[in-house]
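What follows is one structure encoded as structure tokens, with my remarks underneath.
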Number of protein chains: 2
Amino acid sequence: MGTLPRESDEREAAGAMSSIYLDNNATTRPSSQVVEAMLPYYREHFHNPSSPYPAAEAVADALRKARGQVARLFGAERADEVTFTSGGTESIQSAIGAAARAANGRTRILTSTVEHSAAKASARHLSEQGFEWVQIDVDREGRLDRDALFAALDERTALVSLMLANNETGVCTDLSGVGEACRSAGARFHLDAVQMPGKGALDVRALGADYASLAAHKFHGPKGVGALYVRSGAPFEALVVGGPQEAERRAGTENVPGAIGMGCAAETARMHGTDADALERMRGLRDRLETEILAAVPGANTNGASQPRVPNTTSITFPTVDADTLLMLLGEAGVAASAGSACDAKRRGPSPVLLAMGRSEEDATRTLRFSTSHETTESEIAGAVAAVRASIEALGSLD
Amino acid sequence: MGTLPRESDEREAAGAMSSIYLDNNATTRPSSQVVEAMLPYYREHFHNPSSPYPAAEAVADALRKARGQVARLFGAERADEVTFTSGGTESIQSAIGAAARAANGRTRILTSTVEHSAAKASARHLSEQGFEWVQIDVDREGRLDRDALFAALDERTALVSLMLANNETGVCTDLSGVGEACRSAGARFHLDAVQMPGKGALDVRALGADYASLAAHKFHGPKGVGALYVRSGAPFEALVVGGPQEAERRAGTENVPGAIGMGCAAETARMHGTDADALERMRGLRDRLETEILAAVPGANTNGASQPRVPNTTSITFPTVDADTLLMLLGEAGVAASAGSACDAKRRGPSPVLLAMGRSEEDATRTLRFSTSHETTESEIAGAVAAVRASIEALGSLD
């Protein structure tokens with residue numbers, strides 16, 4: 001079942017060396033601790049946590065422990081503020097939908113122009129149902145127009161949904177005062193924290209969030225599981241209805257191994273995200289990658305590098321090189337990177353994030369994202385720089 | 001991470017012998033092949049299938065293979081009629097919601113009175129939005145009132161949603177002619193097939209279904225993944241929106257290991273479900289369990305045993321014994337069974353299925369479900385019968 005002839009054939013044909021994975025904002029490799037933590041819940045402890053016998057109650061206990069671990073990653077006050085979902089997209093949609101349904105006559109939804117497609121699709125859906133969706137601009141560096149945000153945040157506003165760190169550029173949104181302003185205006189505040197774990201501190205209470213979303217596979221946990229923070233007292237209505245699981249907030253037999261894996265990954269991400277040395281090392285490798293690519297490729301530019309960013313991400317626009325072609329050559333050389341969001345990769349057209357930052361369509365289609373993890377090494381950075389240089393030379397764009 | 005002190009303590013305290021698992025309608029043990037098939041997709045092939053490099057494309061290929069395996073289990077014509085979801089509940093809700101949104105002025109939703117809470121919650125939700133939810137009765141044996149169904153199925157009907165096999169009694173719904181009648185009336189037909197795989201044949205085309213739902217963990221696949229069949233040409237609008245994954249039918253990074261595990265489990269379930277010898281063996285063990293419990297406990301009765309049933313399920317009402325107490329004693333003796341649906345176990349109150357079958361509240365609270373799998377052995381059946389007898393003797397209800 002696990003054989004993948006196509007991959008090995010292609011890799012062999014391309015003469016690929018060992019793989020250099022710089023697409024961690026798309027997904028991460030589950031850590032071996034995470035996989036080991038999950039396995040007993042596939043093999044021995046497979047019982048339904050809702051069932052009424054000791055083996056099932058032990059599974060329910062393990063689920064409670066995982067909920068506590070994820071609550072600590074959020075910076076939540078209580079474990080019961082955490083609901084396990086099927087991933088970041090479901091979490092985001094659940095939060096935005098719940099806030100809208102509790103809007104009590106308020107009809108405005110505020111987001112930025114650079115939110116993830118999950119938030120934008122939810123807001124678009126609501127705008128088709130009579131809500132007014134206002135997208136606040138960012139500048140060329142990806143910096144949110146805070147004046148415009150605060151001006152638009154009034155008694156008509158049901159919800160503000162903003163990302164903590166952008167998935168394409170890594171730019172961190174300046175959220176100071178946003179939580180308070182939402183509270184003053186009587187609006188709800190949803191925080192898309194999907195790209196933060198392991199790359200910095202997360203504290204939903206300090207940020208004044210009513211809702212916050214995470215996806216385990218973005219921080220070395222498994223795919224297919226996410227979490228939603230709902231502050232005690234914030235209104236909530238389930239997106240997925242049926243059985244009474246997850247305190248009636250998310251119906252369906254719980255993905256126990258997924259939740260266990262997410263809990264384990266949350267512990268590590270919380271440690272990494274608050275470890276100044278680990279973050280500095282991560283930042284150092286990203287900066288080296290960025291600096292050396294810019295030095296190797298005259299005319300290359302970064303996007304958002306002047307701003308506070310998560311320390312693993314760089315977005316680089318290349319001169320006269322099509323991103324898809326460059327990605328293909330890098331892929332053949334064993335380097336995994338991406339052109340914008342994996343979630344948008346199959347949608348044709350240039351990155352909406354870069355267009356929102358005032359880049360031309362042409363620039364947007366000449367832009368690559370490299371995203372590291374705590375597993376990334378110095379020699380991988382050197383290898384990636386060499387592969388970029390060789391690929392661009394092969395394309396005849398370096399003189 | 002994988003240690004469960006509470007379970008082992010309790011089990012030791014109870015002097016439990018090896019565990020006898022007869023709660024397979026709640027969830028099943030993932031087969032070792034399934035776990036082995038998933039592992040490479042946690043460890044090496046962790047890439048995002050939407051990403052643009054060879055390793056990710058190999059993951060996308062593996063996902064395509066799994067989709068084909070699940071399509072064959074459904075009896076679908078084409079693999080692209082299958083969408084992976086987070087489980088049975090999401091599948092059911094997606095199908096019912098999509099049919100309602102495409103209803104074109106039709107306002108009636110038909111279900112039976114014994115549907116799973118996922119279907120009922122979806123229908124209730126729609127009834128709060130102006131749809132008319134009509135529940136067709138079953139008789140004391142769990143047999144659907146087909147005359148009432150056909151009488152109610154008219155040009156006002158948007159959707160008929162029926163289960164193929166009941167999760168509590170195992171009773172199979174007589175669906176002959178239902179697909180054709182839906183088509184004639186211009187209504188959509190959703191089939192809740194969650195309890196069928198491995199226990200009998202499944203053929204969405206022969207049944208004329210527009211939509212059908214499955215959950216992997218009910219047939220030795222992993223929790224947290226399900227599938228939705230949408231017949232080519234049937235209308236569909238996504239429940240979970242955002243990125244373009246799953247042909248825009250289900251947004252969010254795909255649960256790749258889950259889908260791979262479901263595909264592997266689907267192959268085995270299709271084999272078991274069409275293997276007359278395997279089904280006969282399963283039926284023989286269930287019948288032995290049922291017969292010997294009825295013989296050991298005077299006054300005990302089966303529910304739905306006169307009807308065609310899946311061969312692994314029996315529902316037995318005990319005289320003068322509270323189900324929760326009996327379950328606790330059985331649990332201490334290492335026998336896992338349940339009182340109705342695991343999804344309803346935490347909701348207080350007697351089984352809605354048994355009440356719909358005309359049982360008294362008292363009878364409903366004295367009823368246990370035993371559900372076997374292809375892994376169940378003769379000696380486990382003997383052990384379960386002995387444990388039931390001993391537990392009832394301990395309760396002083398046998399003279």
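Following the order of the structure tokens, first chain is A, next is B, and so on, with residues numbered from 1 inside each chain and ligands from 1 in the order they appear.
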Give me the range 259-352 of chain B side of the contact with range 371-380 of chain B, cut-off 8 Å, one line per residue showing its nearest atom pair and distance in Å at one decimal, counting only C-alpha atoms, sorted by chain and residue number, as JSON lines.
```
{"residue": "B:Ala278", "atom": "CA", "partner": "B:His374", "partner_atom": "CA", "distance": 7.5}
{"residue": "B:Met282", "atom": "CA", "partner": "B:His374", "partner_atom": "CA", "distance": 6.4}
{"residue": "B:Leu285", "atom": "CA", "partner": "B:Glu378", "partner_atom": "CA", "distance": 6.7}
{"residue": "B:Arg286", "atom": "CA", "partner": "B:Thr372", "partner_atom": "CA", "distance": 7.1}
{"residue": "B:Asn312", "atom": "CA", "partner": "B:Thr372", "partner_atom": "CA", "distance": 4.9}
{"residue": "B:Thr313", "atom": "CA", "partner": "B:Ser371", "partner_atom": "CA", "distance": 4.4}
{"residue": "B:Thr314", "atom": "CA", "partner": "B:Ser371", "partner_atom": "CA", "distance": 6.5}
{"residue": "B:Ala337", "atom": "CA", "partner": "B:Ser371", "partner_atom": "CA", "distance": 7.4}
```
Give me a file of those residues, with all heavy atoms, as a CSV table (one decimal), in the first residue's frame.
```csv
chain,number,residue,atom,x,y,z
B,278,ALA,N,-18.1,-15.5,4.6
B,278,ALA,CA,-17.8,-14.6,5.8
B,278,ALA,C,-19.0,-14.0,6.4
B,278,ALA,O,-19.1,-13.9,7.6
B,278,ALA,CB,-16.9,-13.5,5.3
B,282,MET,N,-20.4,-14.7,10.2
B,282,MET,CA,-20.8,-13.5,11.1
B,282,MET,C,-22.2,-13.7,11.6
B,282,MET,O,-22.5,-13.6,12.8
B,282,MET,CB,-20.6,-12.3,10.3
B,282,MET,CG,-21.0,-11.0,11.0
B,282,MET,SD,-20.6,-9.5,10.0
B,282,MET,CE,-19.2,-8.8,10.9
B,285,LEU,N,-22.5,-16.4,14.4
B,285,LEU,CA,-22.0,-16.0,15.7
B,285,LEU,C,-23.0,-15.1,16.4
B,285,LEU,O,-23.3,-15.2,17.6
B,285,LEU,CB,-20.6,-15.3,15.6
B,285,LEU,CG,-19.4,-16.2,15.3
B,285,LEU,CD1,-18.2,-15.4,15.2
B,285,LEU,CD2,-19.3,-17.3,16.4
B,286,ARG,N,-23.6,-14.2,15.6
B,286,ARG,CA,-24.6,-13.3,16.2
B,286,ARG,C,-25.8,-14.1,16.6
B,286,ARG,O,-26.3,-13.9,17.7
B,286,ARG,CB,-25.0,-12.2,15.1
B,286,ARG,CG,-25.9,-11.1,15.6
B,286,ARG,CD,-27.4,-11.4,15.6
B,286,ARG,NE,-27.8,-12.0,14.4
B,286,ARG,CZ,-28.2,-11.3,13.3
B,286,ARG,NH1,-28.2,-10.0,13.3
B,286,ARG,NH2,-28.6,-11.9,12.2
B,312,ASN,N,-24.4,-8.7,12.0
B,312,ASN,CA,-23.5,-8.5,13.2
B,312,ASN,C,-24.2,-7.9,14.4
B,312,ASN,O,-23.5,-7.8,15.5
B,312,ASN,CB,-22.3,-7.6,12.8
B,312,ASN,CG,-22.7,-6.1,12.9
B,312,ASN,OD1,-23.8,-5.8,12.4
B,312,ASN,ND2,-21.9,-5.3,13.5
B,313,THR,N,-25.4,-7.6,14.3
B,313,THR,CA,-26.1,-6.8,15.3
B,313,THR,C,-27.3,-7.5,16.0
B,313,THR,O,-28.1,-8.1,15.3
B,313,THR,CB,-26.6,-5.4,14.7
B,313,THR,OG1,-25.6,-4.8,14.0
B,313,THR,CG2,-27.2,-4.5,15.8
B,314,THR,N,-27.3,-7.4,17.3
B,314,THR,CA,-28.6,-7.8,18.0
B,314,THR,C,-28.9,-6.8,19.1
B,314,THR,O,-28.0,-6.3,19.8
B,314,THR,CB,-28.5,-9.2,18.6
B,314,THR,OG1,-29.7,-9.5,19.3
B,314,THR,CG2,-27.3,-9.4,19.6
B,337,ALA,N,-20.2,-3.6,25.4
B,337,ALA,CA,-21.5,-3.5,24.6
B,337,ALA,C,-22.0,-2.1,24.8
B,337,ALA,O,-21.4,-1.3,25.4
B,337,ALA,CB,-22.5,-4.6,25.1
```
So which residues touch Gly284 in chain A within 9 Å, counting only C-alpha atoms, skipping near sequence neighbours fewer than 5 positions away, as an mmCIF file with N, CA and C atoms, in the first residue's frame?
```
data_model
loop_
_atom_site.group_PDB
_atom_site.id
_atom_site.type_symbol
_atom_site.label_atom_id
_atom_site.label_comp_id
_atom_site.auth_asym_id
_atom_site.auth_seq_id
_atom_site.Cartn_x
_atom_site.Cartn_y
_atom_site.Cartn_z
ATOM 1 N N LEU A 279 13.880 30.322 18.336
ATOM 2 C CA LEU A 279 13.319 31.261 17.359
ATOM 3 C C LEU A 279 14.434 32.053 16.668
ATOM 4 N N LEU A 289 19.021 32.400 4.126
ATOM 5 C CA LEU A 289 18.414 31.976 2.856
ATOM 6 C C LEU A 289 18.042 33.204 2.024
ATOM 7 N N PRO A 311 9.472 33.835 11.984
ATOM 8 C CA PRO A 311 10.884 33.714 11.617
ATOM 9 C C PRO A 311 11.198 32.614 10.617
#
```
Ala215 in chain B surroundings by only C-alpha atoms, 12 Å radius, close-in-sequence under 5 positions cut, as a PyMOL selection string: (chain A and resi 252-255) or (chain B and resi 25-28+70+73-74+83-92+192-197+220-229+258-259+261-263+265-266)
Between A:Gln135, A:Thr302, A:Asn48, A:Asn167, which is the closest to chain B once you count only C-alpha atoms?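 For chain B, the nearest of the given residues is A:Asn48.
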Helix (DSSP H, G or I) residues, from DSSP on the backbone, in range 111-175 of chain B, as a PyMOL selection string: chain B and resi 117-127+146-152
Those in range 10-192 of chain A with strand (DSSP E) from DSSP, as a PyMOL selection string: chain A and resi 20-21+82-85+108-112+132-136+157-163+188-192
Include C-alpha atoms and write out the residues we just selected as a PDB file, in the first residue's frame.
```pdb
ATOM      1  CA  ILE A  20      15.201  19.859   1.116  1.00  0.00           C
ATOM      2  CA  TYR A  21      11.770  20.686   2.459  1.00  0.00           C
ATOM      3  CA  VAL A  82     -11.234  24.212  23.025  1.00  0.00           C
ATOM      4  CA  THR A  83     -13.223  22.241  20.447  1.00  0.00           C
ATOM      5  CA  PHE A  84     -11.500  19.753  18.174  1.00  0.00           C
ATOM      6  CA  THR A  85     -12.445  20.132  14.511  1.00  0.00           C
ATOM      7  CA  ARG A 108     -20.785  44.067   8.839  1.00  0.00           C
ATOM      8  CA  ILE A 109     -17.899  41.596   8.644  1.00  0.00           C
ATOM      9  CA  LEU A 110     -14.390  43.083   8.668  1.00  0.00           C
ATOM     10  CA  THR A 111     -11.358  41.204   7.380  1.00  0.00           C
ATOM     11  CA  SER A 112      -8.107  42.267   5.766  1.00  0.00           C
ATOM     12  CA  GLU A 132     -21.650  43.569   4.271  1.00  0.00           C
ATOM     13  CA  TRP A 133     -18.092  42.265   3.863  1.00  0.00           C
ATOM     14  CA  VAL A 134     -15.488  45.013   4.212  1.00  0.00           C
ATOM     15  CA  GLN A 135     -11.874  44.138   3.423  1.00  0.00           C
ATOM     16  CA  ILE A 136      -9.313  46.463   5.007  1.00  0.00           C
ATOM     17  CA  THR A 157     -19.916  45.422  12.946  1.00  0.00           C
ATOM     18  CA  ALA A 158     -20.668  41.822  13.862  1.00  0.00           C
ATOM     19  CA  LEU A 159     -17.166  40.430  13.514  1.00  0.00           C
ATOM     20  CA  VAL A 160     -13.538  41.227  12.845  1.00  0.00           C
ATOM     21  CA  SER A 161     -11.504  38.291  11.509  1.00  0.00           C
ATOM     22  CA  LEU A 162      -7.762  38.758  11.153  1.00  0.00           C
ATOM     23  CA  MET A 163      -4.775  36.495  10.786  1.00  0.00           C
ATOM     24  CA  ARG A 188     -16.678  39.745  18.000  1.00  0.00           C
ATOM     25  CA  PHE A 189     -13.019  39.095  17.189  1.00  0.00           C
ATOM     26  CA  HIS A 190     -11.794  35.954  15.448  1.00  0.00           C
ATOM     27  CA  LEU A 191      -8.070  35.275  15.303  1.00  0.00           C
ATOM     28  CA  ASP A 192      -6.711  33.063  12.525  1.00  0.00           C
TER      29      ASP A 192
END
```
Interatomic distance (Å, one decimal) between CA of Gly177 in chain A and CA of Ala95 in chain A: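 Distance between the two atoms: 20.5 Å.
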Report, in Å to a single decimal, how far apart CA of Ala123 in chain B and CA of Pro352 in chain B are.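 One can read the CA of Pro352 in chain B to CA of Ala123 in chain B distance as 15.5 Å.
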Atom pair CA of Thr113 in chain A / CA of Asp145 in chain A: separation (Å):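 Distance between the two atoms: 10.3 Å.
Once Arg359 in chain B and its same-chain neighbours fewer than 2 positions away are set aside, Val138, Asp139, Arg140, Glu141, Gly142, Asn301, Thr302, Asn303, Gly304, Ile316, Thr317, Pro350, Ser351, Pro352, Val353, Leu354, Leu355, Ala356, Met357, Glu361, Glu362, Asp363, Ala364, Thr365, Arg366 and Thr367 of chain B remain within 12 Å of it when counting only C-alpha atoms.
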